[in-house]
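Source file: my_file_10.txt; contents: compact mmCIF, N, CA and C atoms.
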```txt
# COMPACT_ATOMS: atom_id res chain seq x y z
N MET A 17 41.16 -3.31 30.01
CA MET A 17 40.02 -3.56 29.16
C MET A 17 40.49 -4.39 27.97
N LYS A 18 39.70 -5.38 27.64
CA LYS A 18 40.02 -6.22 26.50
C LYS A 18 38.93 -6.03 25.44
N LEU A 19 39.34 -5.69 24.22
CA LEU A 19 38.40 -5.54 23.10
C LEU A 19 38.26 -6.87 22.38
N VAL A 20 37.03 -7.18 22.07
CA VAL A 20 36.73 -8.42 21.35
C VAL A 20 36.01 -8.06 20.06
N ASP A 21 36.47 -8.63 18.96
CA ASP A 21 35.84 -8.40 17.66
C ASP A 21 34.70 -9.41 17.50
N PRO A 22 33.44 -8.97 17.49
CA PRO A 22 32.31 -9.90 17.42
C PRO A 22 31.98 -10.38 16.02
N THR A 23 32.68 -9.88 15.04
CA THR A 23 32.35 -10.27 13.67
C THR A 23 32.99 -11.60 13.31
N ILE A 24 32.41 -12.23 12.31
CA ILE A 24 32.97 -13.47 11.79
C ILE A 24 33.28 -13.26 10.32
N PRO A 25 34.17 -14.05 9.78
CA PRO A 25 34.48 -13.89 8.35
C PRO A 25 33.23 -14.14 7.50
N ALA A 26 33.12 -13.41 6.41
CA ALA A 26 31.98 -13.56 5.50
C ALA A 26 32.03 -14.92 4.82
N ASN A 27 30.87 -15.47 4.59
CA ASN A 27 30.75 -16.72 3.85
C ASN A 27 30.69 -16.35 2.37
N ILE A 28 31.80 -16.44 1.70
CA ILE A 28 31.88 -16.03 0.30
C ILE A 28 31.53 -17.22 -0.58
N GLN A 29 30.52 -17.02 -1.41
CA GLN A 29 30.10 -18.07 -2.33
C GLN A 29 30.59 -17.75 -3.73
N GLU A 30 31.10 -18.74 -4.38
CA GLU A 30 31.54 -18.56 -5.75
C GLU A 30 30.31 -18.54 -6.65
N SER A 31 30.19 -17.53 -7.45
CA SER A 31 29.08 -17.45 -8.40
C SER A 31 29.51 -16.67 -9.62
N GLN A 32 28.78 -16.87 -10.68
CA GLN A 32 29.05 -16.15 -11.91
C GLN A 32 27.76 -15.54 -12.43
N ARG A 33 27.90 -14.37 -12.99
CA ARG A 33 26.75 -13.73 -13.61
C ARG A 33 26.46 -14.39 -14.94
N ALA A 34 25.21 -14.37 -15.31
CA ALA A 34 24.84 -14.85 -16.64
C ALA A 34 25.40 -13.88 -17.67
N PRO A 35 25.72 -14.37 -18.85
CA PRO A 35 26.22 -13.46 -19.88
C PRO A 35 25.15 -12.42 -20.24
N ALA A 36 25.59 -11.23 -20.56
CA ALA A 36 24.66 -10.16 -20.95
C ALA A 36 23.96 -10.53 -22.25
N LEU A 37 22.69 -10.17 -22.33
CA LEU A 37 21.94 -10.40 -23.57
C LEU A 37 22.41 -9.40 -24.62
N THR A 38 22.55 -9.86 -25.84
CA THR A 38 22.96 -8.95 -26.91
C THR A 38 21.77 -8.25 -27.54
N SER A 39 20.59 -8.82 -27.36
CA SER A 39 19.36 -8.24 -27.91
C SER A 39 18.17 -8.78 -27.12
N LEU A 40 17.10 -8.01 -27.10
CA LEU A 40 15.86 -8.47 -26.48
C LEU A 40 14.83 -8.91 -27.52
N ASP A 41 15.22 -8.84 -28.79
CA ASP A 41 14.30 -9.17 -29.89
C ASP A 41 13.75 -10.58 -29.77
N GLY A 42 12.41 -10.67 -29.67
CA GLY A 42 11.73 -11.94 -29.69
C GLY A 42 11.88 -12.81 -28.45
N LEU A 43 12.47 -12.27 -27.39
CA LEU A 43 12.71 -13.07 -26.18
C LEU A 43 11.48 -13.14 -25.28
N THR A 44 11.45 -14.15 -24.43
CA THR A 44 10.36 -14.35 -23.49
C THR A 44 10.70 -13.68 -22.16
N ILE A 45 9.74 -12.90 -21.66
CA ILE A 45 9.93 -12.13 -20.43
C ILE A 45 9.22 -12.82 -19.27
N GLY A 46 9.95 -13.03 -18.19
CA GLY A 46 9.36 -13.51 -16.95
C GLY A 46 9.12 -12.34 -16.01
N LEU A 47 8.06 -12.41 -15.23
CA LEU A 47 7.72 -11.34 -14.29
C LEU A 47 7.64 -11.93 -12.88
N LEU A 48 8.27 -11.26 -11.92
CA LEU A 48 8.23 -11.71 -10.54
C LEU A 48 7.83 -10.53 -9.65
N TRP A 49 6.67 -10.65 -9.03
CA TRP A 49 6.10 -9.60 -8.18
C TRP A 49 6.29 -9.96 -6.72
N ASN A 50 6.71 -8.98 -5.92
CA ASN A 50 6.93 -9.22 -4.49
C ASN A 50 5.73 -8.83 -3.62
N GLN A 51 4.61 -8.55 -4.23
CA GLN A 51 3.34 -8.21 -3.59
C GLN A 51 3.31 -6.82 -2.95
N LYS A 52 4.27 -5.97 -3.25
CA LYS A 52 4.16 -4.60 -2.77
C LYS A 52 3.13 -3.87 -3.64
N VAL A 53 2.46 -2.91 -3.03
CA VAL A 53 1.40 -2.18 -3.71
C VAL A 53 1.93 -1.54 -5.00
N ASN A 54 1.20 -1.74 -6.08
CA ASN A 54 1.48 -1.18 -7.40
C ASN A 54 2.67 -1.81 -8.11
N GLY A 55 3.38 -2.72 -7.48
CA GLY A 55 4.48 -3.41 -8.15
C GLY A 55 3.98 -4.21 -9.35
N ASP A 56 2.79 -4.81 -9.22
CA ASP A 56 2.21 -5.57 -10.32
C ASP A 56 1.89 -4.67 -11.51
N LYS A 57 1.42 -3.47 -11.22
CA LYS A 57 1.11 -2.53 -12.30
C LYS A 57 2.39 -2.10 -13.01
N LEU A 58 3.44 -1.83 -12.24
CA LEU A 58 4.72 -1.44 -12.81
C LEU A 58 5.28 -2.55 -13.70
N LEU A 59 5.21 -3.78 -13.22
CA LEU A 59 5.70 -4.91 -14.01
C LEU A 59 4.89 -5.10 -15.29
N THR A 60 3.56 -5.01 -15.19
CA THR A 60 2.70 -5.19 -16.34
C THR A 60 2.97 -4.14 -17.40
N GLU A 61 3.08 -2.88 -16.98
CA GLU A 61 3.33 -1.80 -17.94
C GLU A 61 4.73 -1.90 -18.55
N THR A 62 5.71 -2.25 -17.75
CA THR A 62 7.09 -2.39 -18.25
C THR A 62 7.16 -3.52 -19.26
N ALA A 63 6.54 -4.65 -18.93
CA ALA A 63 6.54 -5.79 -19.85
C ALA A 63 5.83 -5.44 -21.16
N ALA A 64 4.72 -4.71 -21.08
CA ALA A 64 3.99 -4.31 -22.29
C ALA A 64 4.87 -3.41 -23.17
N LEU A 65 5.60 -2.50 -22.55
CA LEU A 65 6.50 -1.63 -23.30
C LEU A 65 7.61 -2.43 -23.96
N LEU A 66 8.22 -3.35 -23.22
CA LEU A 66 9.29 -4.18 -23.80
C LEU A 66 8.76 -5.04 -24.93
N LYS A 67 7.57 -5.60 -24.75
CA LYS A 67 6.99 -6.43 -25.80
C LYS A 67 6.69 -5.62 -27.05
N SER A 68 6.20 -4.39 -26.88
CA SER A 68 5.89 -3.55 -28.05
C SER A 68 7.16 -3.15 -28.79
N ARG A 69 8.25 -2.98 -28.08
CA ARG A 69 9.52 -2.58 -28.72
C ARG A 69 10.28 -3.76 -29.32
N PHE A 70 10.25 -4.91 -28.65
CA PHE A 70 11.12 -6.01 -29.03
C PHE A 70 10.39 -7.28 -29.43
N GLY A 71 9.06 -7.30 -29.30
CA GLY A 71 8.32 -8.51 -29.62
C GLY A 71 8.50 -9.54 -28.52
N GLY A 72 8.32 -10.78 -28.88
CA GLY A 72 8.44 -11.85 -27.90
C GLY A 72 7.13 -12.06 -27.17
N ARG A 73 7.21 -12.69 -26.03
CA ARG A 73 5.99 -12.93 -25.25
C ARG A 73 6.28 -12.70 -23.78
N VAL A 74 5.20 -12.50 -23.03
CA VAL A 74 5.28 -12.26 -21.60
C VAL A 74 4.62 -13.42 -20.88
N LEU A 75 5.33 -14.04 -19.97
CA LEU A 75 4.76 -15.13 -19.18
C LEU A 75 3.82 -14.58 -18.12
N PRO A 76 2.90 -15.41 -17.62
CA PRO A 76 2.06 -14.96 -16.52
C PRO A 76 2.94 -14.57 -15.31
N MET A 77 2.50 -13.54 -14.61
CA MET A 77 3.26 -13.03 -13.47
C MET A 77 3.31 -14.06 -12.35
N ARG A 78 4.48 -14.26 -11.80
CA ARG A 78 4.66 -15.11 -10.63
C ARG A 78 4.77 -14.22 -9.41
N VAL A 79 4.41 -14.75 -8.26
CA VAL A 79 4.37 -13.96 -7.03
C VAL A 79 5.24 -14.63 -5.98
N LYS A 80 6.08 -13.81 -5.35
CA LYS A 80 6.82 -14.34 -4.20
C LYS A 80 6.13 -13.83 -2.94
N GLY A 81 6.09 -14.62 -1.92
CA GLY A 81 5.26 -14.33 -0.76
C GLY A 81 5.76 -13.29 0.20
N ASN A 82 7.03 -13.00 0.21
CA ASN A 82 7.59 -12.10 1.21
C ASN A 82 8.50 -11.09 0.52
N ALA A 83 8.11 -9.82 0.58
CA ALA A 83 8.85 -8.78 -0.12
C ALA A 83 10.29 -8.62 0.39
N SER A 84 10.52 -8.95 1.65
CA SER A 84 11.85 -8.71 2.21
C SER A 84 12.77 -9.94 2.15
N ALA A 85 12.27 -11.05 1.64
CA ALA A 85 13.08 -12.27 1.56
C ALA A 85 13.37 -12.60 0.10
N PRO A 86 14.44 -13.33 -0.14
CA PRO A 86 14.71 -13.76 -1.52
C PRO A 86 13.58 -14.65 -2.04
N ALA A 87 13.45 -14.69 -3.34
CA ALA A 87 12.43 -15.55 -3.95
C ALA A 87 12.77 -17.00 -3.65
N PRO A 88 11.75 -17.81 -3.34
CA PRO A 88 12.01 -19.23 -3.11
C PRO A 88 12.67 -19.87 -4.33
N SER A 89 13.58 -20.78 -4.08
CA SER A 89 14.34 -21.38 -5.18
C SER A 89 13.44 -22.11 -6.17
N ASP A 90 12.31 -22.68 -5.72
CA ASP A 90 11.44 -23.39 -6.66
C ASP A 90 10.82 -22.45 -7.68
N ILE A 91 10.51 -21.22 -7.27
CA ILE A 91 9.97 -20.24 -8.23
C ILE A 91 11.03 -19.93 -9.29
N LEU A 92 12.24 -19.65 -8.86
CA LEU A 92 13.31 -19.31 -9.80
C LEU A 92 13.69 -20.51 -10.67
N THR A 93 13.71 -21.68 -10.07
CA THR A 93 14.05 -22.89 -10.83
C THR A 93 13.00 -23.16 -11.90
N ASN A 94 11.73 -22.96 -11.58
CA ASN A 94 10.67 -23.19 -12.55
C ASN A 94 10.63 -22.11 -13.63
N LEU A 95 11.00 -20.89 -13.28
CA LEU A 95 10.99 -19.81 -14.26
C LEU A 95 12.18 -19.87 -15.22
N SER A 96 13.31 -20.30 -14.76
CA SER A 96 14.53 -20.20 -15.57
C SER A 96 14.45 -20.90 -16.92
N PRO A 97 13.86 -22.10 -17.05
CA PRO A 97 13.80 -22.68 -18.40
C PRO A 97 12.70 -22.07 -19.27
N GLU A 98 11.78 -21.32 -18.66
CA GLU A 98 10.64 -20.78 -19.40
C GLU A 98 10.91 -19.41 -20.00
N CYS A 99 11.77 -18.62 -19.37
CA CYS A 99 11.95 -17.24 -19.84
C CYS A 99 13.42 -16.97 -20.19
N ASP A 100 13.60 -15.98 -21.06
CA ASP A 100 14.94 -15.58 -21.44
C ASP A 100 15.51 -14.54 -20.49
N TYR A 101 14.62 -13.72 -19.94
CA TYR A 101 15.03 -12.78 -18.91
C TYR A 101 13.86 -12.49 -17.98
N LEU A 102 14.20 -12.05 -16.79
CA LEU A 102 13.21 -11.87 -15.74
C LEU A 102 13.27 -10.42 -15.24
N ILE A 103 12.11 -9.82 -15.06
CA ILE A 103 12.08 -8.51 -14.42
C ILE A 103 11.29 -8.59 -13.13
N THR A 104 11.72 -7.82 -12.18
CA THR A 104 11.03 -7.73 -10.91
C THR A 104 10.97 -6.26 -10.55
N ALA A 105 10.03 -5.90 -9.70
CA ALA A 105 9.86 -4.50 -9.34
C ALA A 105 9.35 -4.40 -7.93
N SER A 106 9.58 -3.25 -7.34
CA SER A 106 9.09 -2.97 -6.01
C SER A 106 8.14 -1.80 -6.09
N GLY A 107 6.98 -1.91 -5.49
CA GLY A 107 6.00 -0.83 -5.57
C GLY A 107 5.95 -0.01 -4.30
N ASP A 108 4.83 0.57 -4.03
CA ASP A 108 4.45 1.40 -2.88
C ASP A 108 4.02 2.76 -3.34
```

Written form, structure tokens:
Amino acid sequence: MKLVDPTIPANIQESQRAPALTSLDGLTIGLLWNQKVNGDKLLTETAALLKSRFGGRVLPMRVKGNASAPAPSDILTNLSPECDYLITASGD
């Protein structure tokens, strides 16, 4: 019997995390909803709480079409210059 390893090496991509925010005071919040039930409500309430504590503004909620897939790059590319940080949530 011959054993064959069906796996392939992982495709490792070099990436860096954004630096941590030192404060949320006065920053602009982006919202990204994956269309799961009640996720929009969770995002809206969370953003309202953050705004009441730290000020700033909340951008209109953006929607990604498929809850199980990554957000399309155009949504993220368009959001990145508009907001200081982005929150997303999953409902049900």

- Task: Would you work out the distance separating CA of Arg73 in chain A from CA of Gly46 in chain A, expressed in Å to one decimal?
- Result: 9.0 Å

- Taking into account all atoms listed in the file, which residue in the set A:Ala83, A:Leu95, A:Ile103, A:Leu37 is nearest to Leu59 in chain A? A:Ile103

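Counting only C-alpha atoms, the residue from A:Ser39, A:Ser89, A:Gln51, A:Ser96 that sits nearest to Gly71 in chain A is A:Ser39.
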
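You can rank A:Thr93, A:Ser84, A:Thr44, A:Asn50 by their closest distance to Phe70 in chain A using only C-alpha atoms, and at the top of that list sits A:Thr44.
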
- DSSP-assigned helix (DSSP H, G or I) among range 17-106 of chain A, expressed as a ChimeraX atom specification: /A:55-70,89-95

- Between A:Pro22, A:Gly55, A:Gly81, A:Gly42, which is the closest to Asp100 in chain A once you count only C-alpha atoms? A:Gly42

- Task: Taking the DSSP assignment computed from this structure's backbone, write out as a PyMOL selection string all residues of chain A that belong to strand (DSSP E or B).
- Result: chain A and resi 44-49+73-74+78-79+101-105

Could you work out an axis-aligned box for range 50-67 of chain A, taking every atom the file lists and adding 5 Å on each side, and report centre and edge lengths in Å to one decimal, as lines of an AutoDock Vina configuration file?
```
center_x = 5.2
center_y = -5.2
center_z = -14.9
size_x = 18.2
size_y = 18.0
size_z = 34.3
```

- Message: If I take CA of Asp21 in chain A and atom N of Pro86 in chain A, how far is one from the other in Å, to one decimal?
- Response: 28.3 Å

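Remark: for Lys80 in chain A, the closest of the candidate residues A:Leu48, A:Thr23, A:Gly107, A:Asn54 is A:Leu48 (distances computed over all atoms listed in the file).
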
- Protein and nucleic acid residues near (7.6, -6.0, -25.1) (cut-off 7 Å, all atoms listed in the file) as JSON, numbers by chain: {"A": [62, 63, 64, 65, 66, 67, 68, 69, 70, 71, 72, 73]}

- atom C of Leu92 in chain A sits from atom N of Trp49 in chain A at a separation of 12.2 Å

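Proximity of A:Ala87, A:Leu43, A:Ala36, A:Val79 to Cys99 in chain A, computed with only C-alpha atoms, is greatest for A:Leu43.
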